>>> print(open('structure-v4.txt').read())   # compact mmCIF, C-alpha atoms and all ligand atoms
# COMPACT_ATOMS: atom_id res chain seq x y z
CA MET A 1 0.00 0.00 0.00
CA THR A 2 1.42 3.43 -0.85
CA ARG A 3 1.77 5.75 2.05
CA ASN A 4 0.39 9.29 2.21
CA PRO A 5 3.20 11.20 3.97
CA ARG A 6 0.74 13.75 5.34
CA ARG A 7 -1.16 11.12 7.31
CA ILE A 8 0.11 9.69 10.58
CA ARG A 9 -0.10 5.92 10.97
CA THR A 10 -1.02 4.63 14.36
CA ALA A 11 -1.70 1.35 16.15
CA VAL A 12 -4.03 0.50 19.03
CA ILE A 13 -2.77 -2.00 21.61
CA GLY A 14 -5.57 -3.56 23.67
CA THR A 15 -9.00 -4.59 22.43
CA GLY A 16 -11.13 -4.06 25.55
CA PHE A 17 -13.18 -1.11 26.83
CA MET A 18 -10.51 1.51 26.13
CA GLY A 19 -9.29 -0.12 22.91
CA ARG A 20 -12.77 0.30 21.45
CA VAL A 21 -13.16 3.85 22.79
CA HIS A 22 -9.76 4.91 21.37
CA LEU A 23 -10.52 3.33 18.01
CA GLU A 24 -13.80 5.18 17.70
CA ALA A 25 -12.28 8.53 18.72
CA LEU A 26 -9.40 7.98 16.29
CA ARG A 27 -11.95 7.72 13.48
CA ARG A 28 -12.94 11.28 14.35
CA THR A 29 -9.35 12.58 14.49
CA PRO A 30 -7.98 14.35 11.39
CA ASN A 31 -4.91 13.12 9.51
CA VAL A 32 -4.60 9.74 11.27
CA ASP A 33 -4.99 6.21 9.96
CA VAL A 34 -5.21 3.27 12.35
CA VAL A 35 -3.15 0.61 10.58
CA ALA A 36 -2.77 -2.11 13.23
CA ILE A 37 -4.41 -3.58 16.31
CA ALA A 38 -2.78 -5.84 18.89
CA GLY A 39 -4.40 -7.71 21.75
CA THR A 40 -3.89 -10.87 23.74
CA SER A 41 -6.28 -12.72 21.45
CA LEU A 42 -5.58 -12.68 17.70
CA ASP A 43 -9.24 -13.50 16.98
CA LYS A 44 -10.49 -10.53 19.02
CA ALA A 45 -7.93 -8.20 17.42
CA LYS A 46 -8.98 -9.40 13.95
CA ALA A 47 -12.68 -9.09 14.73
CA LEU A 48 -12.32 -5.56 16.11
CA GLY A 49 -10.10 -4.47 13.23
CA ALA A 50 -12.34 -5.95 10.53
CA GLY A 51 -15.20 -3.61 11.42
CA TYR A 52 -12.89 -0.65 10.84
CA ASP A 53 -11.12 -2.02 7.76
CA ILE A 54 -7.90 -2.57 9.72
CA HIS A 55 -6.35 -5.83 8.58
CA ASN A 56 -3.02 -5.86 10.41
CA ALA A 57 -3.89 -7.72 13.63
CA SER A 58 -1.51 -9.28 16.11
CA SER A 59 -1.50 -11.13 19.41
CA ASP A 60 1.92 -9.69 20.29
CA TRP A 61 2.44 -5.92 20.59
CA ARG A 62 6.21 -6.44 20.09
CA GLU A 63 5.56 -7.15 16.40
CA LEU A 64 4.34 -3.55 15.98
CA MET A 65 7.59 -2.11 17.31
CA THR A 66 9.64 -3.40 14.39
CA ASP A 67 7.15 -2.12 11.80
CA PRO A 68 8.57 1.07 10.25
CA GLY A 69 5.12 1.89 8.88
CA ILE A 70 3.78 2.67 12.37
CA ASP A 71 4.45 6.18 13.70
CA ALA A 72 2.54 6.09 16.98
CA VAL A 73 0.90 3.67 19.40
CA HIS A 74 -2.05 3.87 21.78
CA ILE A 75 -1.58 1.79 24.93
CA THR A 76 -4.98 0.63 26.23
CA THR A 77 -3.90 -2.50 28.08
CA PRO A 78 -3.98 -3.21 31.85
CA ASN A 79 -1.64 -1.06 33.94
CA ASP A 80 1.25 -3.54 34.31
CA SER A 81 2.00 -3.47 30.59
CA HIS A 82 2.04 0.34 30.17
CA PHE A 83 5.71 0.63 31.15
CA PRO A 84 7.19 -2.13 28.95
CA ILE A 85 5.09 -1.15 25.94
CA ALA A 86 5.73 2.62 26.27
CA LYS A 87 9.45 2.05 26.81
CA ALA A 88 9.72 -0.25 23.78
CA ALA A 89 7.74 2.24 21.68
CA PHE A 90 9.95 5.21 22.55
CA GLU A 91 13.03 3.06 21.90
CA ALA A 92 11.54 2.15 18.51
CA ALA A 93 11.07 5.90 17.79
CA LYS A 94 7.27 5.82 17.99
CA HIS A 95 5.08 8.48 19.56
CA VAL A 96 3.13 7.19 22.57
CA LEU A 97 -0.36 7.87 23.82
CA CYS A 98 -0.71 5.89 27.04
CA GLU A 99 -3.74 5.20 29.21
CA LYS A 100 -3.53 6.16 32.85
CA PRO A 101 -1.93 5.35 35.20
CA LEU A 102 1.36 5.80 33.36
CA ALA A 103 3.08 2.94 35.19
CA LEU A 104 3.02 0.82 38.34
CA SER A 105 5.59 2.89 40.25
CA VAL A 106 7.21 6.31 40.46
CA ALA A 107 10.50 4.76 39.29
CA GLU A 108 8.92 3.40 36.08
CA ALA A 109 7.11 6.68 35.43
CA ARG A 110 10.34 8.60 35.86
CA ILE A 111 12.15 6.38 33.33
CA LEU A 112 9.42 6.96 30.75
CA THR A 113 9.41 10.71 31.37
CA GLN A 114 13.18 10.88 30.93
CA LEU A 115 13.13 8.61 27.90
CA GLN A 116 10.60 10.79 26.13
CA ALA A 117 12.36 14.02 27.07
CA ALA A 118 15.54 12.69 25.47
CA THR A 119 13.79 12.22 22.10
CA ASN A 120 11.82 14.35 19.68
CA LEU A 121 8.89 12.05 20.21
CA ARG A 122 5.53 13.09 21.58
CA GLY A 123 4.11 11.41 24.68
CA ALA A 124 0.56 11.87 25.97
CA LEU A 125 -1.15 10.49 29.02
CA CYS A 126 -4.87 9.85 28.69
CA HIS A 127 -6.29 12.08 31.43
CA ASN A 128 -9.07 12.81 28.96
CA LEU A 129 -11.62 13.93 31.57
CA ARG A 130 -10.00 17.38 31.58
CA TYR A 131 -11.47 17.93 28.15
CA TYR A 132 -15.16 18.10 28.90
CA PRO A 133 -16.10 21.60 27.71
CA MET A 134 -17.45 22.59 31.14
CA VAL A 135 -14.22 21.49 32.85
CA GLN A 136 -12.30 23.78 30.52
CA GLN A 137 -14.82 26.51 31.35
CA MET A 138 -14.03 26.08 35.08
CA ARG A 139 -10.35 26.43 34.29
CA ALA A 140 -10.92 29.50 32.13
CA MET A 141 -13.01 31.13 34.88
CA ARG A 142 -10.24 30.51 37.40
CA GLU A 143 -7.61 31.89 34.99
CA ALA A 144 -9.73 35.01 34.44
CA GLY A 145 -9.86 35.58 38.22
CA GLU A 146 -13.63 35.07 38.42
CA LEU A 147 -13.36 32.60 41.31
CA GLY A 148 -10.93 34.76 43.28
CA ASP A 149 -8.36 32.92 45.38
CA ILE A 150 -9.10 29.22 45.71
CA LEU A 151 -9.97 28.23 49.28
CA VAL A 152 -11.53 24.77 49.09
CA VAL A 153 -11.55 21.90 46.57
CA GLN A 154 -13.75 18.94 47.36
CA GLY A 155 -15.47 16.11 45.62
CA THR A 156 -15.59 12.48 44.79
CA TYR A 157 -15.16 9.88 42.09
CA SER A 158 -17.79 7.29 42.93
CA GLN A 159 -18.82 4.17 41.02
CA ASP A 160 -20.71 1.00 42.01
CA TRP A 161 -19.50 -1.63 39.57
CA MET A 162 -17.41 -3.48 42.19
CA LEU A 163 -20.08 -3.39 44.94
CA TYR A 164 -20.64 -7.14 45.23
CA GLU A 165 -18.20 -9.79 46.36
CA SER A 166 -18.89 -11.52 43.04
CA ASP A 167 -17.73 -8.46 41.02
CA TRP A 168 -14.33 -9.12 39.44
CA ASN A 169 -11.95 -7.47 37.01
CA TRP A 170 -8.18 -7.53 36.35
CA ARG A 171 -8.00 -4.29 38.42
CA VAL A 172 -8.45 -6.45 41.55
CA ASP A 173 -5.12 -8.23 40.90
CA PRO A 174 -2.18 -6.08 42.12
CA ALA A 175 0.15 -7.81 39.67
CA LEU A 176 -1.85 -6.24 36.83
CA SER A 177 -3.23 -3.11 38.49
CA GLY A 178 -0.46 -2.13 40.89
CA PRO A 179 -0.53 -1.61 44.66
CA SER A 180 -3.60 0.66 44.50
CA ARG A 181 -6.89 -0.01 42.72
CA VAL A 182 -9.41 2.78 43.24
CA MET A 183 -7.03 5.68 43.80
CA ALA A 184 -4.85 4.68 40.83
CA ASP A 185 -7.84 4.01 38.59
CA ILE A 186 -10.17 6.95 39.29
CA GLY A 187 -8.64 8.99 42.14
CA SER A 188 -5.87 9.90 39.66
CA HIS A 189 -8.46 11.48 37.33
CA PHE A 190 -9.79 13.56 40.26
CA PHE A 191 -6.36 14.90 41.19
CA ASP A 192 -5.36 15.53 37.58
CA MET A 193 -8.53 17.59 37.12
CA ALA A 194 -8.19 19.42 40.46
CA GLU A 195 -4.64 20.54 39.65
CA HIS A 196 -5.44 21.33 36.01
CA VAL A 197 -8.44 23.50 36.90
CA THR A 198 -7.03 25.29 39.94
CA GLY A 199 -3.44 25.63 38.72
CA LEU A 200 -2.39 24.60 42.24
CA LYS A 201 -0.29 21.58 43.24
CA VAL A 202 -1.21 19.08 45.94
CA ARG A 203 1.66 19.42 48.42
CA SER A 204 0.72 17.01 51.20
CA LEU A 205 -2.10 14.67 52.05
CA CYS A 206 -3.63 12.21 54.50
CA SER A 207 -5.35 9.19 53.03
CA ASP A 208 -7.52 6.46 54.57
CA TRP A 209 -8.33 3.35 52.52
CA GLN A 210 -10.73 0.48 53.07
CA ILE A 211 -11.14 -2.99 51.63
CA PHE A 212 -14.80 -3.91 52.16
CA HIS A 213 -14.45 -7.37 50.62
CA PRO A 214 -11.39 -9.17 52.07
CA THR A 215 -12.10 -11.93 49.55
CA ARG A 216 -13.83 -11.81 46.17
CA LYS A 217 -15.19 -14.53 43.89
CA ARG A 218 -12.76 -14.85 41.02
CA PRO A 219 -14.64 -16.20 37.98
CA LYS A 220 -13.03 -18.99 35.97
CA THR A 221 -14.02 -17.07 32.83
CA GLY A 222 -15.09 -13.46 32.13
CA GLY A 223 -14.49 -10.46 34.39
CA GLU A 224 -14.41 -7.82 31.62
CA THR A 225 -14.42 -4.17 32.66
CA PHE A 226 -17.90 -3.00 33.77
CA SER A 227 -19.36 -6.40 32.82
CA GLY A 228 -20.52 -7.34 36.35
CA LYS A 229 -24.20 -6.53 36.03
CA LEU A 230 -24.57 -8.31 32.71
CA ALA A 231 -22.24 -11.24 33.34
CA ALA A 232 -23.70 -14.72 33.53
CA ALA A 233 -22.93 -16.56 36.78
CA SER A 234 -19.82 -18.66 36.33
CA GLU A 235 -17.75 -20.97 38.48
CA SER A 236 -15.39 -19.10 40.78
CA THR A 237 -12.68 -19.46 43.38
CA ASP A 238 -12.16 -17.29 46.47
CA ALA A 239 -9.34 -14.74 46.04
CA LYS A 240 -7.77 -12.64 48.81
CA ILE A 241 -8.11 -8.90 48.10
CA GLU A 242 -5.17 -6.58 48.72
CA THR A 243 -6.25 -3.31 47.11
CA GLU A 244 -8.76 -0.72 48.26
CA ASP A 245 -12.47 -0.58 47.36
CA PHE A 246 -12.64 2.95 48.76
CA GLY A 247 -10.29 5.77 49.71
CA ALA A 248 -10.67 9.18 51.35
CA THR A 249 -7.93 11.82 51.07
CA LEU A 250 -7.55 15.16 52.81
CA PHE A 251 -5.09 17.38 50.96
CA ARG A 252 -3.33 20.73 51.02
CA LEU A 253 -3.14 22.60 47.72
CA GLY A 254 -0.64 25.38 47.10
CA THR A 255 0.04 27.41 50.23
CA ARG A 256 -3.48 28.21 51.38
CA ALA A 257 -6.15 25.99 49.87
CA ARG A 258 -7.47 22.84 51.49
CA GLY A 259 -9.31 19.89 50.02
CA ALA A 260 -11.03 16.57 50.59
CA MET A 261 -12.01 13.81 48.19
CA THR A 262 -13.25 10.26 48.15
CA ALA A 263 -12.93 7.60 45.47
CA SER A 264 -15.02 4.45 45.47
CA GLN A 265 -16.04 1.49 43.33
CA VAL A 266 -18.69 0.39 45.84
CA SER A 267 -20.99 3.45 46.07
CA VAL A 268 -24.34 1.98 45.13
CA GLY A 269 -26.17 3.86 42.41
CA ARG A 270 -23.21 5.94 41.27
CA LYS A 271 -22.04 4.94 37.80
CA ASN A 272 -19.28 7.39 36.93
CA GLY A 273 -19.86 10.02 39.59
CA LEU A 274 -16.93 12.42 39.39
CA VAL A 275 -17.95 15.61 41.21
CA MET A 276 -15.58 18.60 41.42
CA GLU A 277 -16.47 21.50 43.73
CA ILE A 278 -14.18 24.51 43.82
CA TYR A 279 -14.81 27.41 46.23
CA GLY A 280 -12.96 30.69 45.80
CA THR A 281 -13.09 34.04 47.54
CA LYS A 282 -15.38 35.46 44.82
CA ALA A 283 -17.38 32.55 43.37
CA ALA A 284 -17.66 28.77 43.28
CA VAL A 285 -18.13 26.12 40.58
CA THR A 286 -19.45 22.57 40.73
CA TRP A 287 -19.29 20.11 37.85
CA ARG A 288 -20.70 16.58 37.70
CA GLN A 289 -19.53 14.02 35.14
CA GLU A 290 -22.92 12.28 35.18
CA ASN A 291 -24.47 15.55 33.98
CA PRO A 292 -21.51 17.04 32.13
CA GLU A 293 -23.16 19.78 30.09
CA GLU A 294 -24.12 21.77 33.21
CA LEU A 295 -21.90 23.95 35.36
CA TRP A 296 -23.20 25.31 38.66
CA ILE A 297 -21.76 28.73 39.46
CA GLY A 298 -22.18 29.79 43.08
CA HIS A 299 -22.49 33.40 44.30
CA ARG A 300 -22.98 34.75 47.80
CA ASP A 301 -24.68 38.07 47.13
CA ALA A 302 -26.59 37.18 43.98
CA PRO A 303 -28.58 34.15 42.83
CA SER A 304 -26.37 31.20 41.93
CA GLN A 305 -26.50 30.12 38.28
CA ILE A 306 -26.48 27.05 36.05
CA LEU A 307 -24.58 27.46 32.80
CA LEU A 308 -25.64 24.99 30.11
CA LYS A 309 -22.76 24.37 27.71
CA ASP A 310 -22.93 26.83 24.84
CA PRO A 311 -19.76 27.91 23.05
CA ALA A 312 -21.26 31.38 22.64
CA LEU A 313 -21.51 31.74 26.43
CA MET A 314 -18.16 30.17 27.28
CA HIS A 315 -14.80 31.82 27.78
CA GLU A 316 -12.89 32.18 24.55
CA THR A 317 -10.05 30.02 25.90
CA ALA A 318 -12.50 27.19 26.73
CA ARG A 319 -14.54 27.43 23.53
CA GLY A 320 -12.08 25.34 21.51
CA TRP A 321 -13.10 22.29 23.53
CA ALA A 322 -16.75 22.54 22.51
CA ASP A 323 -17.40 21.45 18.92
CA LEU A 324 -21.18 21.68 18.96
CA PRO A 325 -23.67 24.50 19.60
CA GLY A 326 -25.53 24.81 22.90
CA GLY A 327 -28.06 22.08 23.59
CA HIS A 328 -26.14 19.53 21.49
CA ALA A 329 -24.59 17.34 24.15
CA GLU A 330 -20.89 16.43 24.11
CA GLY A 331 -19.74 13.68 26.41
CA TYR A 332 -17.18 11.08 27.40
CA HIS A 333 -16.28 9.96 23.85
CA ASP A 334 -15.66 13.58 22.83
CA THR A 335 -13.03 14.09 25.54
CA PHE A 336 -10.84 11.49 23.80
CA LYS A 337 -11.38 13.14 20.43
CA GLN A 338 -10.27 16.50 21.84
CA LEU A 339 -7.12 15.01 23.36
CA PHE A 340 -6.23 12.93 20.28
CA ARG A 341 -6.75 15.89 17.95
CA ARG A 342 -4.18 17.93 19.86
CA PHE A 343 -1.77 15.00 20.19
CA TYR A 344 -1.74 14.34 16.44
CA ALA A 345 -1.55 18.05 15.60
CA SER A 346 1.60 18.18 17.71
CA ILE A 347 3.07 15.20 15.83
CA ALA A 348 2.30 16.80 12.47
CA ASP A 349 3.90 20.09 13.54
CA PRO A 350 7.01 19.72 15.71
CA ASP A 351 6.67 23.40 16.70
CA ALA A 352 3.08 23.01 17.93
CA PRO A 353 2.53 23.22 21.70
CA ALA A 354 1.90 19.96 23.54
CA ASP A 355 -1.55 21.01 24.70
CA TYR A 356 -2.49 17.76 26.48
CA PRO A 357 -1.35 15.77 29.53
CA GLN A 358 2.31 14.78 29.26
CA MET A 359 4.41 11.89 30.57
CA ALA A 360 5.38 14.33 33.34
CA ASP A 361 1.69 14.59 34.31
CA GLY A 362 1.68 10.80 34.60
CA LEU A 363 4.73 10.99 36.85
CA ARG A 364 2.95 13.68 38.86
CA GLN A 365 -0.02 11.37 39.46
CA MET A 366 2.34 8.53 40.47
CA ASN A 367 3.90 10.87 43.05
CA ILE A 368 0.47 11.73 44.48
CA LEU A 369 -0.43 8.03 44.52
CA ALA A 370 2.86 7.14 46.27
CA ALA A 371 2.07 9.69 48.99
CA GLU A 372 -1.45 8.27 49.36
CA LEU A 373 -0.04 4.74 49.69
CA GLU A 374 2.49 5.85 52.29
CA SER A 375 -0.12 7.84 54.22
CA SER A 376 -2.70 5.06 54.24
CA ARG A 377 -0.12 2.50 55.40
CA HIS A 378 1.25 4.68 58.21
CA HIS A 379 -1.97 6.49 59.19
CA ALA A 380 -0.13 9.80 58.88
CA TRP A 381 0.22 12.84 56.62
CA ALA A 382 2.66 12.46 53.72
CA ASP A 383 4.35 15.03 51.47
CA VAL A 384 3.92 14.76 47.70
CA ALA A 385 7.25 14.79 45.83
CA GLU A 386 7.67 17.69 43.37
N1 LIG A 401 -9.13 7.32 30.44
C1 LIG A 401 -10.19 6.67 30.89
O1 LIG A 401 -11.26 7.27 31.04
C2 LIG A 401 -10.09 5.19 31.18
C3 LIG A 401 -11.27 4.43 31.40
C4 LIG A 401 -11.13 3.05 31.60
C5 LIG A 401 -9.87 2.47 31.62
N2 LIG A 401 -8.76 3.24 31.44
C6 LIG A 401 -7.42 2.64 31.44
O2 LIG A 401 -7.29 1.85 30.26
C7 LIG A 401 -6.54 0.67 30.50
C8 LIG A 401 -7.36 -0.54 30.02
O3 LIG A 401 -8.54 -0.61 30.79
P1 LIG A 401 -9.86 -1.28 30.18
O4 LIG A 401 -10.97 -0.90 31.10
O5 LIG A 401 -10.00 -0.97 28.73
O6 LIG A 401 -9.53 -2.83 30.36
P2 LIG A 401 -10.13 -4.04 29.52
O7 LIG A 401 -9.93 -5.24 30.35
O8 LIG A 401 -11.50 -3.72 29.04
O9 LIG A 401 -9.18 -4.09 28.24
C9 LIG A 401 -7.83 -4.42 28.33
C10 LIG A 401 -7.42 -5.10 27.03
O10 LIG A 401 -6.01 -5.27 27.02
C11 LIG A 401 -5.73 -6.57 26.50
N3 LIG A 401 -4.41 -6.97 27.00
C12 LIG A 401 -4.06 -7.38 28.23
N4 LIG A 401 -2.73 -7.59 28.30
C13 LIG A 401 -2.24 -7.30 27.07
C14 LIG A 401 -0.96 -7.35 26.49
N5 LIG A 401 0.11 -7.69 27.20
N6 LIG A 401 -0.83 -7.04 25.16
C15 LIG A 401 -1.90 -6.66 24.43
N7 LIG A 401 -3.15 -6.59 24.94
C16 LIG A 401 -3.31 -6.91 26.22
C17 LIG A 401 -6.87 -7.43 27.00
O11 LIG A 401 -7.00 -8.60 26.21
C18 LIG A 401 -8.04 -6.47 26.83
O12 LIG A 401 -8.52 -6.51 25.51
C19 LIG A 401 -6.24 0.67 31.98
O13 LIG A 401 -4.91 1.09 32.18
C20 LIG A 401 -7.20 1.66 32.59
O14 LIG A 401 -6.68 2.33 33.72
C21 LIG A 401 -8.86 4.58 31.21
>>> encode(input="structure-v4.txt", output="structure tokens", more="lines below")
Ligand SMILES: NC(=O)c1ccc[n+]([C@@H]2O[C@H](COP(=O)([O-])OP(=O)(O)OC[C@H]3O[C@@H](n4cnc5c(N)ncnc54)[C@H](O)[C@@H]3O)[C@@H](O)[C@H]2O)c1
Amino acid sequence: MTRNPRRIRTAVIGTGFMGRVHLEALRRTPNVDVVAIAGTSLDKAKALGAGYDIHNASSDWRELMTDPGIDAVHITTPNDSHFPIAKAAFEAAKHVLCEKPLALSVAEARILTQLQAATNLRGALCHNLRYYPMVQQMRAMREAGELGDILVVQGTYSQDWMLYESDWNWRVDPALSGPSRVMADIGSHFFDMAEHVTGLKVRSLCSDWQIFHPTRKRPKTGGETFSGKLAAASESTDAKIETEDFGATLFRLGTRARGAMTASQVSVGRKNGLVMEIYGTKAAVTWRQENPEELWIGHRDAPSQILLKDPALMHETARGWADLPGGHAEGYHDTFKQLFRRFYASIADPDAPADYPQMADGLRQMNILAAELESSRHHAWADVAE
């Protein structure tokens, strides 16, 4: 096949929940062709690729690294494989877009950050939730001084898909997920958003974690992400659980602000309940992922407001994240599209700004997570490394 030099050729590694989401968003990203898919099952990779006219399928991601026709890779596999795949990709001179968390440890994240910095390659971390239009509006309001000085940041990331002892997923296994489950998986999105919106850094924290199910029923087959409620009952064995179902973190932001958050996979009724509340000296904002087109704006001496997403009513600096007019909802899928668009624009133009989360942002989240782990183990406050 002849190659169009103006189009970037990319590969998706992983054929699960995120593999499918990335593939769909890539179809809405300009100047990119998905040319290969790799998974653990060749049949699944072939089946997924066939629907998108992608015929290069593999059951071994290493095969992609030696293919000179692939410019970039998307890593959508379980957490344990992010480091080896990203490292191999940078070493093979491929741009990397990696799902969060970047790695299993600070040490691994640091290696990847250094490796990328030593090349001309682009590296993005998929903290896509920043790119809901109303999240960008919160950031733009803070930048414009409309919130005043930030005093309090609070919220939660609550889900219920691991509520029952019979709920299972690879995230439960620390060998695949790392030493933290809930804080690494969804708490990291909360802290990435809190820092991105406020412009402040979490400096120290105190974290309390709980395992509600000391054992879980490990199915002999199945256990796909978010499959619990639809999964047929299957034979299982009892497995000891070592990672948290729930965590609560108090934190200090910048020099003055204070915060509190919880993250949970056992909060019944909550599906993807990320709530971010930011209180400043002039005004407040609250945003809810389960209702993402609305932004609550709080005032003390005037009626509080609800802003429904409408590019015409948004700050100019936030408008670029809203593609559709008011009343035309943009959601979870669109956040990936926004991130990918900027990632590929920065590959096409080496002088373009890297306007998306970097490897260093992944390292940042690993530092916050390391402090949370230390704090929860020692029942004490812990500083977050710079
Ligand atoms: N940004 C987000 O909003 C978001 C949401 C969900 C998950 N994630 C992240 O995406 C990653 C994947 O999560 P998921 O929910 O899609 O999991 P999943 O179980 O649905 O999919 C993982 C896929 O990776 C494949 N896989 C496993 N090991 C592999 C290997 N060595 N080589 C190739 N393929 C391999 C599996 O076969 C499966 O198809 C995780 O790191 C998770 O933290 C991010």
>>> residues_near_ligand(input="structure-v4.txt", ligand="ligand LIG 401 (chain A)", cutoff="7 Å", atoms="all atoms listed in the file", output="NGL selection string")
:A and (13-19 or 38-41 or 59-61 or 76-79 or 81 or 99-101 or 126-129 or 170 or 185 or 224-225)
>>> write_last_selection(input="structure-v4.txt", atoms="C-alpha atoms", output="PDB file, keeping the file's coordinate frame")
ATOM      1  CA  ILE A  13      -2.770  -2.000  21.610  1.00  0.00           C
ATOM      2  CA  GLY A  14      -5.570  -3.560  23.670  1.00  0.00           C
ATOM      3  CA  THR A  15      -9.000  -4.590  22.430  1.00  0.00           C
ATOM      4  CA  GLY A  16     -11.130  -4.060  25.550  1.00  0.00           C
ATOM      5  CA  PHE A  17     -13.180  -1.110  26.830  1.00  0.00           C
ATOM      6  CA  MET A  18     -10.510   1.510  26.130  1.00  0.00           C
ATOM      7  CA  GLY A  19      -9.290  -0.120  22.910  1.00  0.00           C
ATOM      8  CA  ALA A  38      -2.780  -5.840  18.890  1.00  0.00           C
ATOM      9  CA  GLY A  39      -4.400  -7.710  21.750  1.00  0.00           C
ATOM     10  CA  THR A  40      -3.890 -10.870  23.740  1.00  0.00           C
ATOM     11  CA  SER A  41      -6.280 -12.720  21.450  1.00  0.00           C
ATOM     12  CA  SER A  59      -1.500 -11.130  19.410  1.00  0.00           C
ATOM     13  CA  ASP A  60       1.920  -9.690  20.290  1.00  0.00           C
ATOM     14  CA  TRP A  61       2.440  -5.920  20.590  1.00  0.00           C
ATOM     15  CA  THR A  76      -4.980   0.630  26.230  1.00  0.00           C
ATOM     16  CA  THR A  77      -3.900  -2.500  28.080  1.00  0.00           C
ATOM     17  CA  PRO A  78      -3.980  -3.210  31.850  1.00  0.00           C
ATOM     18  CA  ASN A  79      -1.640  -1.060  33.940  1.00  0.00           C
ATOM     19  CA  SER A  81       2.000  -3.470  30.590  1.00  0.00           C
ATOM     20  CA  GLU A  99      -3.740   5.200  29.210  1.00  0.00           C
ATOM     21  CA  LYS A 100      -3.530   6.160  32.850  1.00  0.00           C
ATOM     22  CA  PRO A 101      -1.930   5.350  35.200  1.00  0.00           C
ATOM     23  CA  CYS A 126      -4.870   9.850  28.690  1.00  0.00           C
ATOM     24  CA  HIS A 127      -6.290  12.080  31.430  1.00  0.00           C
ATOM     25  CA  ASN A 128      -9.070  12.810  28.960  1.00  0.00           C
ATOM     26  CA  LEU A 129     -11.620  13.930  31.570  1.00  0.00           C
ATOM     27  CA  TRP A 170      -8.180  -7.530  36.350  1.00  0.00           C
ATOM     28  CA  ASP A 185      -7.840   4.010  38.590  1.00  0.00           C
ATOM     29  CA  GLU A 224     -14.410  -7.820  31.620  1.00  0.00           C
ATOM     30  CA  THR A 225     -14.420  -4.170  32.660  1.00  0.00           C
TER      31      THR A 225
END
>>> closest_residue(input="structure-v4.txt", among="A:Asp351, A:Asp53, A:Ser207, A:Pro325", to="A:Leu313", atoms="all atoms listed in the file")
A:Pro325
>>> axis_aligned_box(input="structure-v4.txt", around="stretch 238-246 of chain A", padding_each_side="8 Å", output="lines of an AutoDock Vina configuration file")
center_x = -8.9
center_y = -7.2
center_z = 47.4
size_x = 23.5
size_y = 36.2
size_z = 18.8
>>> residues_around(input="structure-v4.txt", residues="A:Arg62", least_positions_apart="5", cutoff="10 Å", atoms="only C-alpha atoms", output="PDB file with C-alpha atoms, in the frame of the given file")
ATOM      1  CA  ALA A  38      -2.780  -5.840  18.890  1.00  0.00           C
ATOM      2  CA  ASP A  67       7.150  -2.120  11.800  1.00  0.00           C
ATOM      3  CA  PRO A  84       7.190  -2.130  28.950  1.00  0.00           C
ATOM      4  CA  ILE A  85       5.090  -1.150  25.940  1.00  0.00           C
ATOM      5  CA  ALA A  88       9.720  -0.250  23.780  1.00  0.00           C
ATOM      6  CA  ALA A  89       7.740   2.240  21.680  1.00  0.00           C
TER       7      ALA A  89
END
>>> residues_around(input="structure-v4.txt", residues="A:Ala124", least_positions_apart="5", cutoff="7 Å", atoms="all atoms listed in the file", output="list of chain:residue names")
A:Val96, A:Leu97, A:Cys98, A:Phe343, A:Tyr356, A:Pro357, A:Gln358, A:Met359
>>> residues_around(input="structure-v4.txt", residues="stretch 110-122 of chain A", least_positions_apart="5", cutoff="7 Å", atoms="only C-alpha atoms", output="PyMOL selection string")
chain A and resi 87+90+93-96+347+359-360+363
>>> residues_around(input="structure-v4.txt", residues="stretch 291-308 of chain A", least_positions_apart="6", cutoff="8 Å", atoms="all atoms listed in the file", output="list in words")
Tyr132, Pro133, Met134, Lys282, Ala283, Ala284, Val285, Gly326, Gly327, Ala329, Glu330 and Gly331 of chain A
>>> residues_around(input="structure-v4.txt", residues="A:Phe212", least_positions_apart="2", cutoff="8 Å", atoms="only C-alpha atoms", output="CSV table (one decimal) with C-alpha atoms, in the coordinates of the input")
chain,number,residue,atom,x,y,z
A,210,GLN,CA,-10.7,0.5,53.1
A,214,PRO,CA,-11.4,-9.2,52.1
A,244,GLU,CA,-8.8,-0.7,48.3
A,245,ASP,CA,-12.5,-0.6,47.4
A,246,PHE,CA,-12.6,3.0,48.8
>>> build_atoms(input="structure-v4.txt", residues="stretch 215-220 of chain A", atoms="N, CA and C atoms", output="tab-separated table (two decimals), keeping the file's coordinate frame")
chain	number	residue	atom	x	y	z
A	215	THR	N	-12.24	-10.96	50.64
A	215	THR	CA	-12.10	-11.93	49.55
A	215	THR	C	-13.15	-11.60	48.50
A	216	ARG	N	-12.85	-11.94	47.25
A	216	ARG	CA	-13.83	-11.81	46.17
A	216	ARG	C	-13.89	-13.13	45.41
A	217	LYS	N	-15.00	-13.32	44.70
A	217	LYS	CA	-15.19	-14.53	43.89
A	217	LYS	C	-14.54	-14.30	42.53
A	218	ARG	N	-13.47	-15.00	42.30
A	218	ARG	CA	-12.76	-14.85	41.02
A	218	ARG	C	-13.37	-15.81	40.00
A	219	PRO	N	-13.99	-15.30	38.94
A	219	PRO	CA	-14.64	-16.20	37.98
A	219	PRO	C	-13.61	-16.99	37.17
A	220	LYS	N	-13.97	-18.20	36.79
A	220	LYS	CA	-13.03	-18.99	35.97
A	220	LYS	C	-12.96	-18.42	34.56
